[in-house]
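Engineer: Just one file: run28.cif, with mmCIF, C-alpha atoms.
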```
data_entry
loop_
_atom_site.group_PDB
_atom_site.id
_atom_site.type_symbol
_atom_site.label_atom_id
_atom_site.label_comp_id
_atom_site.auth_asym_id
_atom_site.auth_seq_id
_atom_site.Cartn_x
_atom_site.Cartn_y
_atom_site.Cartn_z
ATOM 1 C CA MET S 4 0.000 0.000 0.000
ATOM 2 C CA GLU S 5 1.232 3.505 -0.796
ATOM 3 C CA TYR S 6 2.560 5.560 2.107
ATOM 4 C CA ILE S 7 -0.182 8.188 1.834
ATOM 5 C CA LYS S 8 -2.877 5.511 1.877
ATOM 6 C CA GLU S 9 -1.292 3.924 4.940
ATOM 7 C CA LYS S 10 -1.439 7.327 6.658
ATOM 8 C CA ILE S 11 -5.080 7.760 5.702
ATOM 9 C CA VAL S 12 -6.025 4.318 7.034
ATOM 10 C CA HIS S 13 -4.091 4.987 10.249
ATOM 11 C CA TYR S 14 -5.898 8.300 10.751
ATOM 12 C CA TRP S 15 -9.401 7.017 10.057
ATOM 13 C CA SER S 16 -8.902 3.853 12.102
ATOM 14 C CA LYS S 17 -8.487 6.081 15.148
ATOM 15 C CA ARG S 18 -11.570 8.138 14.292
ATOM 16 C CA VAL S 19 -14.085 5.315 13.872
ATOM 17 C CA GLU S 20 -15.933 5.741 17.185
ATOM 18 C CA ASN S 21 -16.218 9.532 17.009
ATOM 19 C CA PHE S 22 -17.079 9.443 13.315
ATOM 20 C CA SER S 23 -19.717 6.742 13.751
ATOM 21 C CA ASN S 24 -21.407 8.638 16.582
ATOM 22 C CA LEU S 25 -21.654 11.756 14.429
ATOM 23 C CA ARG S 26 -23.100 9.805 11.515
ATOM 24 C CA ILE S 27 -25.709 8.128 13.749
ATOM 25 C CA GLN S 28 -26.758 11.544 15.047
ATOM 26 C CA GLU S 29 -26.891 12.764 11.464
ATOM 27 C CA LEU S 30 -29.101 9.833 10.442
ATOM 28 C CA GLU S 31 -31.440 10.381 13.382
ATOM 29 C CA GLY S 32 -31.718 14.164 12.975
ATOM 30 C CA GLU S 33 -33.097 16.478 10.310
ATOM 31 C CA LYS S 34 -29.785 16.681 8.463
ATOM 32 C CA HIS S 35 -30.354 13.315 6.796
ATOM 33 C CA LEU S 36 -33.397 14.731 5.005
ATOM 34 C CA LEU S 37 -31.241 17.471 3.485
ATOM 35 C CA TRP S 38 -28.709 14.951 2.210
ATOM 36 C CA LEU S 39 -31.440 12.693 0.863
ATOM 37 C CA SER S 40 -32.940 15.642 -0.991
ATOM 38 C CA GLU S 41 -29.569 16.383 -2.610
ATOM 39 C CA LEU S 42 -29.168 12.779 -3.730
ATOM 40 C CA LYS S 43 -32.664 12.668 -5.192
ATOM 41 C CA ARG S 44 -31.854 15.697 -7.356
ATOM 42 C CA TYR S 45 -29.593 13.510 -9.475
ATOM 43 C CA LEU S 46 -30.654 9.876 -9.101
ATOM 44 C CA PRO S 47 -33.111 8.307 -11.569
ATOM 45 C CA ASP S 48 -36.643 8.476 -10.209
ATOM 46 C CA ARG S 49 -37.183 4.793 -9.537
ATOM 47 C CA THR S 50 -36.484 2.296 -6.778
ATOM 48 C CA GLY S 51 -34.200 -0.700 -6.917
ATOM 49 C CA LEU S 52 -31.146 1.139 -8.247
ATOM 50 C CA LYS S 53 -27.771 -0.570 -7.881
ATOM 51 C CA ILE S 54 -25.575 2.031 -6.202
ATOM 52 C CA LEU S 55 -21.913 1.986 -5.189
ATOM 53 C CA ASP S 56 -20.904 4.243 -2.277
ATOM 54 C CA ILE S 57 -17.138 4.809 -2.495
ATOM 55 C CA GLY S 58 -15.418 5.874 0.714
ATOM 56 C CA THR S 59 -18.560 4.862 2.573
ATOM 57 C CA GLY S 60 -17.020 5.253 6.035
ATOM 58 C CA THR S 61 -19.605 3.893 8.441
ATOM 59 C CA GLY S 62 -22.280 3.835 5.742
ATOM 60 C CA PHE S 63 -24.175 7.126 6.068
ATOM 61 C CA LEU S 64 -25.101 7.626 2.407
ATOM 62 C CA ALA S 65 -25.581 3.895 1.895
ATOM 63 C CA PHE S 66 -28.134 3.705 4.702
ATOM 64 C CA LEU S 67 -30.003 6.772 3.446
ATOM 65 C CA LEU S 68 -30.530 5.148 0.069
ATOM 66 C CA ALA S 69 -31.065 1.596 1.332
ATOM 67 C CA ALA S 70 -34.018 2.973 3.299
ATOM 68 C CA GLU S 71 -35.410 4.257 -0.025
ATOM 69 C CA GLY S 72 -35.450 0.771 -1.542
ATOM 70 C CA HIS S 73 -32.151 0.785 -3.435
ATOM 71 C CA HIS S 74 -29.450 -1.904 -3.509
ATOM 72 C CA LEU S 75 -26.338 -0.496 -1.872
ATOM 73 C CA THR S 76 -22.725 -1.556 -1.893
ATOM 74 C CA GLY S 77 -20.270 0.442 0.203
ATOM 75 C CA ILE S 78 -16.477 0.265 0.027
ATOM 76 C CA ASP S 79 -13.765 1.852 2.130
ATOM 77 C CA LEU S 80 -10.027 1.408 2.505
ATOM 78 C CA THR S 81 -10.251 1.425 6.312
ATOM 79 C CA GLU S 82 -11.237 -1.999 7.645
ATOM 80 C CA ASP S 83 -12.448 -0.672 11.005
ATOM 81 C CA MET S 84 -14.877 1.638 9.205
ATOM 82 C CA ILE S 85 -16.270 -1.269 7.205
ATOM 83 C CA GLN S 86 -16.690 -3.401 10.319
ATOM 84 C CA GLU S 87 -18.637 -0.566 11.948
ATOM 85 C CA ALA S 88 -20.773 -0.140 8.825
ATOM 86 C CA LYS S 89 -21.630 -3.844 8.919
ATOM 87 C CA ARG S 90 -22.567 -3.551 12.604
ATOM 88 C CA LEU S 91 -24.797 -0.549 11.941
ATOM 89 C CA SER S 92 -26.447 -2.356 9.037
ATOM 90 C CA ARG S 93 -27.572 -5.041 11.468
ATOM 91 C CA VAL S 94 -28.625 -2.567 14.169
ATOM 92 C CA LEU S 95 -30.546 -0.307 11.791
ATOM 93 C CA GLU S 96 -31.944 -3.291 9.854
ATOM 94 C CA LEU S 97 -30.943 -1.629 6.601
ATOM 95 C CA PRO S 98 -29.441 -4.156 4.175
ATOM 96 C CA ALA S 99 -26.262 -3.161 2.350
ATOM 97 C CA GLN S 100 -23.063 -4.901 1.305
ATOM 98 C CA PHE S 101 -19.777 -3.529 2.656
ATOM 99 C CA TYR S 102 -16.239 -4.378 1.545
ATOM 100 C CA VAL S 103 -12.704 -3.263 2.346
ATOM 101 C CA MET S 104 -11.498 -1.960 -1.010
ATOM 102 C CA ASP S 105 -9.347 0.777 -2.518
ATOM 103 C CA GLY S 106 -11.639 3.481 -3.872
ATOM 104 C CA GLU S 107 -9.212 4.272 -6.690
ATOM 105 C CA ASN S 108 -9.404 0.680 -7.965
ATOM 106 C CA PRO S 109 -12.821 -0.823 -7.161
ATOM 107 C CA ASP S 110 -12.957 -4.518 -8.005
ATOM 108 C CA PHE S 111 -16.326 -4.913 -9.729
ATOM 109 C CA PRO S 112 -17.295 -5.868 -13.291
ATOM 110 C CA ASP S 113 -17.742 -3.038 -15.763
ATOM 111 C CA GLY S 114 -21.283 -1.715 -16.015
ATOM 112 C CA SER S 115 -22.328 -2.958 -12.572
ATOM 113 C CA PHE S 116 -24.018 0.142 -11.165
ATOM 114 C CA ASP S 117 -26.734 2.659 -11.960
ATOM 115 C CA ALA S 118 -24.967 5.222 -9.786
ATOM 116 C CA VAL S 119 -21.656 5.820 -8.059
ATOM 117 C CA ILE S 120 -21.828 8.167 -5.076
ATOM 118 C CA THR S 121 -19.185 9.532 -2.751
ATOM 119 C CA ARG S 122 -18.908 12.145 -0.012
ATOM 120 C CA ASN S 123 -15.777 13.853 1.322
ATOM 121 C CA LEU S 124 -13.449 11.383 -0.357
ATOM 122 C CA THR S 125 -11.942 12.647 -3.583
ATOM 123 C CA TRP S 126 -9.867 15.387 -1.926
ATOM 124 C CA SER S 127 -7.768 12.607 -0.357
ATOM 125 C CA LEU S 128 -7.157 10.489 -3.462
ATOM 126 C CA PRO S 129 -3.570 10.742 -4.743
ATOM 127 C CA HIS S 130 -4.599 9.540 -8.228
ATOM 128 C CA LEU S 131 -7.909 11.284 -8.832
ATOM 129 C CA ALA S 132 -7.765 11.120 -12.635
ATOM 130 C CA GLN S 133 -7.327 7.350 -12.424
ATOM 131 C CA ALA S 134 -10.197 7.059 -9.948
ATOM 132 C CA TYR S 135 -12.632 8.986 -12.136
ATOM 133 C CA ALA S 136 -11.708 6.842 -15.133
ATOM 134 C CA GLN S 137 -12.212 3.622 -13.173
ATOM 135 C CA TRP S 138 -15.551 4.768 -11.783
ATOM 136 C CA ARG S 139 -16.888 5.528 -15.251
ATOM 137 C CA LYS S 140 -16.230 1.912 -16.255
ATOM 138 C CA LEU S 141 -18.362 0.696 -13.357
ATOM 139 C CA LEU S 142 -21.396 2.675 -14.481
ATOM 140 C CA LYS S 143 -24.089 1.343 -16.757
ATOM 141 C CA PRO S 144 -24.794 3.412 -19.897
ATOM 142 C CA GLN S 145 -26.185 6.769 -18.714
ATOM 143 C CA GLY S 146 -25.319 5.823 -15.139
ATOM 144 C CA VAL S 147 -24.664 8.806 -12.883
ATOM 145 C CA LEU S 148 -21.702 9.852 -10.743
ATOM 146 C CA ILE S 149 -22.577 12.015 -7.715
ATOM 147 C CA ASN S 150 -19.621 13.455 -5.831
ATOM 148 C CA PHE S 151 -19.998 15.666 -2.746
ATOM 149 C CA ASP S 152 -16.644 17.135 -1.783
ATOM 150 C CA ALA S 153 -14.677 20.310 -1.032
ATOM 151 C CA ASP S 154 -11.230 21.716 -1.689
ATOM 152 C CA TYR S 155 -10.115 20.533 1.746
ATOM 153 C CA CYS S 156 -6.421 20.807 0.934
ATOM 154 C CA ARG S 157 -6.912 24.582 0.784
ATOM 155 C CA GLU S 158 -9.321 25.025 3.692
ATOM 156 C CA GLN S 159 -8.860 27.322 6.671
ATOM 157 C CA PRO S 160 -6.304 26.342 9.336
ATOM 158 C CA PRO S 161 -7.853 24.882 12.524
ATOM 159 C CA GLU S 162 -7.258 28.038 14.562
ATOM 160 C CA ASN S 163 -9.546 30.013 12.223
ATOM 161 C CA LEU S 164 -12.528 27.675 12.476
ATOM 162 C CA PRO S 165 -15.769 28.668 14.245
ATOM 163 C CA LYS S 166 -16.438 27.323 17.730
ATOM 164 C CA ASP S 167 -18.929 24.690 16.568
ATOM 165 C CA HIS S 168 -17.880 22.411 13.702
ATOM 166 C CA ALA S 169 -17.446 18.715 12.871
ATOM 167 C CA HIS S 170 -13.792 18.561 14.001
ATOM 168 C CA LYS S 171 -14.154 20.430 17.288
ATOM 169 C CA ASP S 172 -13.701 17.316 19.437
ATOM 170 C CA LEU S 173 -10.519 16.119 17.725
ATOM 171 C CA SER S 174 -7.330 16.231 19.758
ATOM 172 C CA PHE S 175 -4.426 18.429 18.719
ATOM 173 C CA SER S 176 -2.456 15.360 17.631
ATOM 174 C CA MET S 177 -5.340 14.158 15.453
ATOM 175 C CA LEU S 178 -5.655 17.582 13.846
ATOM 176 C CA GLN S 179 -1.916 17.543 13.172
ATOM 177 C CA GLU S 180 -2.240 14.127 11.536
ATOM 178 C CA TYR S 181 -5.103 15.414 9.386
ATOM 179 C CA GLU S 182 -3.039 18.443 8.343
ATOM 180 C CA SER S 183 -0.085 16.214 7.442
ATOM 181 C CA ILE S 184 -2.295 14.226 5.052
ATOM 182 C CA LYS S 185 -3.379 17.449 3.361
ATOM 183 C CA ASP S 186 0.246 18.555 3.070
ATOM 184 C CA ILE S 187 1.065 15.391 1.107
ATOM 185 C CA ILE S 188 -2.016 15.511 -1.131
ATOM 186 C CA ARG S 189 -2.023 19.264 -1.855
ATOM 187 C CA PRO S 190 0.817 19.282 -4.430
ATOM 188 C CA THR S 191 -0.965 16.590 -6.481
ATOM 189 C CA GLN S 192 -4.146 18.634 -6.937
ATOM 190 C CA LYS S 193 -5.188 21.812 -8.711
ATOM 191 C CA PRO S 194 -7.920 24.147 -7.378
ATOM 192 C CA ARG S 195 -11.260 22.421 -7.263
ATOM 193 C CA PRO S 196 -13.909 21.899 -8.546
ATOM 194 C CA LEU S 197 -12.648 23.337 -11.862
ATOM 195 C CA TRP S 198 -9.954 20.676 -11.951
ATOM 196 C CA ASP S 199 -12.545 17.941 -11.422
ATOM 197 C CA ARG S 200 -14.454 19.106 -14.477
ATOM 198 C CA GLU S 201 -11.271 18.835 -16.558
ATOM 199 C CA LEU S 202 -10.577 15.321 -15.287
ATOM 200 C CA LEU S 203 -14.130 14.166 -15.912
ATOM 201 C CA GLU S 204 -14.066 15.503 -19.464
ATOM 202 C CA LYS S 205 -10.793 13.689 -20.151
ATOM 203 C CA ALA S 206 -12.264 10.479 -18.710
ATOM 204 C CA GLY S 207 -15.147 10.656 -21.182
ATOM 205 C CA TYR S 208 -18.028 11.639 -18.900
ATOM 206 C CA GLN S 209 -21.041 13.511 -20.277
ATOM 207 C CA ASN S 210 -23.482 16.044 -18.809
ATOM 208 C CA ILE S 211 -20.954 17.319 -16.262
ATOM 209 C CA SER S 212 -22.453 19.713 -13.724
ATOM 210 C CA VAL S 213 -20.996 21.547 -10.715
ATOM 211 C CA ASP S 214 -23.233 22.913 -7.950
ATOM 212 C CA THR S 215 -21.591 25.186 -5.373
ATOM 213 C CA GLY S 216 -24.878 26.065 -3.682
ATOM 214 C CA VAL S 217 -25.162 22.767 -1.831
ATOM 215 C CA TRP S 218 -22.994 24.064 1.038
ATOM 216 C CA LYS S 219 -25.565 26.685 2.054
ATOM 217 C CA ARG S 220 -28.437 24.237 1.689
ATOM 218 C CA ILE S 221 -26.808 21.638 3.951
ATOM 219 C CA TYR S 222 -24.847 23.792 6.387
ATOM 220 C CA GLY S 223 -27.091 26.791 6.904
ATOM 221 C CA GLN S 224 -26.083 27.007 10.553
ATOM 222 C CA ALA S 225 -23.070 26.041 12.647
ATOM 223 C CA ASP S 226 -23.687 22.868 14.660
ATOM 224 C CA GLN S 227 -21.863 19.627 15.483
ATOM 225 C CA PHE S 228 -22.070 18.631 11.806
ATOM 226 C CA TYR S 229 -20.997 22.020 10.447
ATOM 227 C CA ASN S 230 -18.450 21.960 7.656
ATOM 228 C CA PRO S 231 -16.712 25.360 7.368
ATOM 229 C CA THR S 232 -15.169 24.473 4.005
ATOM 230 C CA PRO S 233 -17.635 25.149 1.149
ATOM 231 C CA ILE S 234 -18.670 21.822 -0.310
ATOM 232 C CA PHE S 235 -19.737 21.334 -3.912
ATOM 233 C CA THR S 236 -21.578 18.660 -5.856
ATOM 234 C CA ILE S 237 -20.167 17.304 -9.104
ATOM 235 C CA THR S 238 -22.402 15.119 -11.228
ATOM 236 C CA ALA S 239 -21.808 13.451 -14.577
ATOM 237 C CA THR S 240 -23.097 10.559 -16.650
ATOM 238 C CA ALA S 241 -21.239 7.697 -18.288
#
```
Just dump the structure as structure tokens.

Structural biologist:
Amino acid sequence: MEYIKEKIVHYWSKRVENFSNLRIQELEGEKHLLWLSELKRYLPDRTGLKILDIGTGTGFLAFLLAAEGHHLTGIDLTEDMIQEAKRLSRVLELPAQFYVMDGENPDFPDGSFDAVITRNLTWSLPHLAQAYAQWRKLLKPQGVLINFDADYCREQPPENLPKDHAHKDLSFSMLQEYESIKDIIRPTQKPRPLWDRELLEKAGYQNISVDTGVWKRIYGQADQFYNPTPIFTITATA
């Protein structure tokens, strides 16, 4: 495994409990309705879709869509995250398949999915062009890619963040580890989401759209889920 991916797994393995608690609160609160609304903007209007959630973490997006009658598969590079997602699947009684897998190289047959979704992942991928190309292969004809992300490598330093935000309970050492990951990834990326559009075009995607208004719709107020870095949505079809 590449050094940067080892660092990412090490970091997220230590965050599983805190991260899972936040996602459970998010599922149980009103915030999940906002995320579901964003997903429904772009997904085909029918049930039973085969959807791949890349960088699923503890399964937040997967559970949202499983509850809507879709067939979900979630993958993540961090084994502890996948184990927690499997546990939550049983507790919540929401069926989904979860696998430990590298998001840049998902091991599924071409044309397996109606949609590929991901949240807060692509900023951390050292080979984003490769990932986008691989994901397109996994989509059925006219299948849709939905990517929620932000230019996290260029976000505000921790000392400039508001009092209430999603990272407020992280220790100084964990914040340092997070910053060190960004320091490694930053030189490999250009400003986003403009760069993403370029990569998607080169990978052969169609109907590419970027929505920067999603941040205000989701994070209208500072709370324990607040993300101070403006997120965007990128969608495209195969």

Engineer: Neighbouring residues of S:Tyr155 were defined as those with any atom within 8 Å, considering all atoms listed in the file; residues of the same chain fewer than 3 positions away were excluded. Please report them as a list in words.

Structural biologist: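 My list of contacting residues is Trp126, Glu158, Lys185 and Thr232 of chain S.
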
Engineer: Report as a list in words all protein, DNA and RNA residues lying within 9 Å of S:Ile78, evaluated on all atoms listed in the file, omitting residues in the same chain fewer than 3 positions from it.

Structural biologist: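 So the residues in contact are Leu55, Asp56, Ile57, Gly58, Thr59, Gly60, Gly62, Thr81, Ile85, Gln100, Phe101, Tyr102, Val103, Met104, Asp105, Gly106 and Pro109 of chain S.
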
Engineer: Write out as a list in words the residues lying within 7 Å of S:Asp83, counting all atoms listed in the file and excluding same-chain residues fewer than 3 positions away.

Structural biologist: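 Non-adjacent residues within range: Ser16, Val19, Gln86 and Glu87 of chain S.
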
Engineer: Looking at all atoms listed in the file, which of S:Ala241, S:Leu52, S:Glu41, S:Ser92 is the one that sits closest to S:Arg139?

Structural biologist: S:Ala241

Engineer: If the PyMOL selection byres ((chain S and resi 181) around 12) is run on the structure shown, which residues does it catch, given as JSON, numbers by chain?

Structural biologist: {"S": [7, 10, 11, 12, 13, 14, 15, 17, 18, 127, 155, 156, 158, 160, 161, 170, 173, 174, 175, 176, 177, 178, 179, 180, 182, 183, 184, 185, 186, 187, 188]}

Engineer: Can I get the selected residues back with C-alpha atoms, as a CSV table (one decimal), in the coordinates of the input?

Structural biologist:
```csv
chain,number,residue,atom,x,y,z
S,7,ILE,CA,-0.2,8.2,1.8
S,10,LYS,CA,-1.4,7.3,6.7
S,11,ILE,CA,-5.1,7.8,5.7
S,12,VAL,CA,-6.0,4.3,7.0
S,13,HIS,CA,-4.1,5.0,10.2
S,14,TYR,CA,-5.9,8.3,10.8
S,15,TRP,CA,-9.4,7.0,10.1
S,17,LYS,CA,-8.5,6.1,15.1
S,18,ARG,CA,-11.6,8.1,14.3
S,127,SER,CA,-7.8,12.6,-0.4
S,155,TYR,CA,-10.1,20.5,1.7
S,156,CYS,CA,-6.4,20.8,0.9
S,158,GLU,CA,-9.3,25.0,3.7
S,160,PRO,CA,-6.3,26.3,9.3
S,161,PRO,CA,-7.9,24.9,12.5
S,170,HIS,CA,-13.8,18.6,14.0
S,173,LEU,CA,-10.5,16.1,17.7
S,174,SER,CA,-7.3,16.2,19.8
S,175,PHE,CA,-4.4,18.4,18.7
S,176,SER,CA,-2.5,15.4,17.6
S,177,MET,CA,-5.3,14.2,15.5
S,178,LEU,CA,-5.7,17.6,13.8
S,179,GLN,CA,-1.9,17.5,13.2
S,180,GLU,CA,-2.2,14.1,11.5
S,182,GLU,CA,-3.0,18.4,8.3
S,183,SER,CA,-0.1,16.2,7.4
S,184,ILE,CA,-2.3,14.2,5.1
S,185,LYS,CA,-3.4,17.4,3.4
S,186,ASP,CA,0.2,18.6,3.1
S,187,ILE,CA,1.1,15.4,1.1
S,188,ILE,CA,-2.0,15.5,-1.1
```

Engineer: State, in Å with one decimal place, the distance from atom CA of S:Leu37 to atom CA of S:Val217.

Structural biologist: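 Computed distance, atom CA of S:Leu37 to atom CA of S:Val217, equals 9.7 Å.
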
Engineer: How far is it from atom CA of S:Asp214 to atom CA of S:Ser23, in Å with one decimal?

Structural biologist: 27.3 Å

Engineer: Hey, can you check how far atom CA of S:Ile54 sits from atom CA of S:Gly77?

Structural biologist: 8.5 Å

Engineer: For stretch 105-134 of chain S, supply N, CA and C atoms and format the output as an mmCIF file, keeping the file's coordinate frame.

Structural biologist:
```
data_model
loop_
_atom_site.group_PDB
_atom_site.id
_atom_site.type_symbol
_atom_site.label_atom_id
_atom_site.label_comp_id
_atom_site.auth_asym_id
_atom_site.auth_seq_id
_atom_site.Cartn_x
_atom_site.Cartn_y
_atom_site.Cartn_z
ATOM 1 N N ASP S 105 -9.953 -0.494 -2.130
ATOM 2 C CA ASP S 105 -9.347 0.777 -2.518
ATOM 3 C C ASP S 105 -10.291 1.522 -3.461
ATOM 4 N N GLY S 106 -10.705 2.714 -3.066
ATOM 5 C CA GLY S 106 -11.639 3.481 -3.872
ATOM 6 C C GLY S 106 -11.106 3.882 -5.227
ATOM 7 N N GLU S 107 -9.786 3.933 -5.394
ATOM 8 C CA GLU S 107 -9.212 4.272 -6.690
ATOM 9 C C GLU S 107 -9.246 3.098 -7.662
ATOM 10 N N ASN S 108 -9.408 1.886 -7.122
ATOM 11 C CA ASN S 108 -9.404 0.680 -7.965
ATOM 12 C C ASN S 108 -10.492 -0.297 -7.517
ATOM 13 N N PRO S 109 -11.758 0.076 -7.614
ATOM 14 C CA PRO S 109 -12.821 -0.823 -7.161
ATOM 15 C C PRO S 109 -12.856 -2.098 -7.999
ATOM 16 N N ASP S 110 -13.019 -3.222 -7.332
ATOM 17 C CA ASP S 110 -12.957 -4.518 -8.005
ATOM 18 C C ASP S 110 -14.367 -5.043 -8.278
ATOM 19 N N PHE S 111 -15.002 -4.468 -9.296
ATOM 20 C CA PHE S 111 -16.326 -4.913 -9.729
ATOM 21 C C PHE S 111 -16.337 -4.988 -11.257
ATOM 22 N N PRO S 112 -17.198 -5.814 -11.827
ATOM 23 C CA PRO S 112 -17.295 -5.868 -13.291
ATOM 24 C C PRO S 112 -17.748 -4.532 -13.874
ATOM 25 N N ASP S 113 -17.303 -4.250 -15.073
ATOM 26 C CA ASP S 113 -17.742 -3.038 -15.763
ATOM 27 C C ASP S 113 -19.263 -3.038 -15.903
ATOM 28 N N GLY S 114 -19.843 -1.854 -15.821
ATOM 29 C CA GLY S 114 -21.283 -1.715 -16.015
ATOM 30 C C GLY S 114 -22.133 -2.302 -14.907
ATOM 31 N N SER S 115 -21.612 -2.312 -13.680
ATOM 32 C CA SER S 115 -22.328 -2.958 -12.572
ATOM 33 C C SER S 115 -23.367 -2.065 -11.900
ATOM 34 N N PHE S 116 -23.225 -0.741 -12.024
ATOM 35 C CA PHE S 116 -24.018 0.142 -11.165
ATOM 36 C C PHE S 116 -24.772 1.219 -11.953
ATOM 37 N N ASP S 117 -25.956 1.541 -11.423
ATOM 38 C CA ASP S 117 -26.734 2.659 -11.960
ATOM 39 C C ASP S 117 -26.180 3.993 -11.486
ATOM 40 N N ALA S 118 -25.522 3.984 -10.333
ATOM 41 C CA ALA S 118 -24.967 5.222 -9.786
ATOM 42 C C ALA S 118 -23.745 4.912 -8.934
ATOM 43 N N VAL S 119 -22.803 5.824 -8.966
ATOM 44 C CA VAL S 119 -21.656 5.820 -8.059
ATOM 45 C C VAL S 119 -21.740 7.112 -7.259
ATOM 46 N N ILE S 120 -21.731 6.994 -5.936
ATOM 47 C CA ILE S 120 -21.828 8.167 -5.076
ATOM 48 C C ILE S 120 -20.628 8.206 -4.139
ATOM 49 N N THR S 121 -20.289 9.395 -3.693
ATOM 50 C CA THR S 121 -19.185 9.532 -2.751
ATOM 51 C C THR S 121 -19.293 10.873 -2.044
ATOM 52 N N ARG S 122 -18.861 10.909 -0.798
ATOM 53 C CA ARG S 122 -18.908 12.145 -0.012
ATOM 54 C C ARG S 122 -17.592 12.323 0.745
ATOM 55 N N ASN S 123 -16.998 13.490 0.585
ATOM 56 C CA ASN S 123 -15.777 13.853 1.322
ATOM 57 C C ASN S 123 -14.666 12.821 1.152
ATOM 58 N N LEU S 124 -14.491 12.368 -0.074
ATOM 59 C CA LEU S 124 -13.449 11.383 -0.357
ATOM 60 C C LEU S 124 -12.412 11.879 -1.350
ATOM 61 N N THR S 125 -12.854 12.447 -2.455
ATOM 62 C CA THR S 125 -11.942 12.647 -3.583
ATOM 63 C C THR S 125 -10.803 13.616 -3.285
ATOM 64 N N TRP S 126 -10.965 14.487 -2.296
ATOM 65 C CA TRP S 126 -9.867 15.387 -1.926
ATOM 66 C C TRP S 126 -8.643 14.609 -1.463
ATOM 67 N N SER S 127 -8.853 13.386 -0.961
ATOM 68 C CA SER S 127 -7.768 12.607 -0.357
ATOM 69 C C SER S 127 -7.186 11.555 -1.293
ATOM 70 N N LEU S 128 -7.649 11.507 -2.532
ATOM 71 C CA LEU S 128 -7.157 10.489 -3.462
ATOM 72 C C LEU S 128 -5.913 10.995 -4.192
ATOM 73 N N PRO S 129 -4.803 10.288 -4.087
ATOM 74 C CA PRO S 129 -3.570 10.742 -4.743
ATOM 75 C C PRO S 129 -3.586 10.589 -6.257
ATOM 76 N N HIS S 130 -4.520 9.781 -6.779
ATOM 77 C CA HIS S 130 -4.599 9.540 -8.228
ATOM 78 C C HIS S 130 -6.039 9.766 -8.686
ATOM 79 N N LEU S 131 -6.495 10.994 -8.590
ATOM 80 C CA LEU S 131 -7.909 11.284 -8.832
ATOM 81 C C LEU S 131 -8.313 11.035 -10.281
ATOM 82 N N ALA S 132 -7.441 11.365 -11.225
ATOM 83 C CA ALA S 132 -7.765 11.120 -12.635
ATOM 84 C C ALA S 132 -8.013 9.636 -12.876
ATOM 85 N N GLN S 133 -7.167 8.802 -12.299
ATOM 86 C CA GLN S 133 -7.327 7.350 -12.424
ATOM 87 C C GLN S 133 -8.639 6.893 -11.801
ATOM 88 N N ALA S 134 -8.967 7.451 -10.630
ATOM 89 C CA ALA S 134 -10.197 7.059 -9.948
ATOM 90 C C ALA S 134 -11.423 7.391 -10.793
#
```
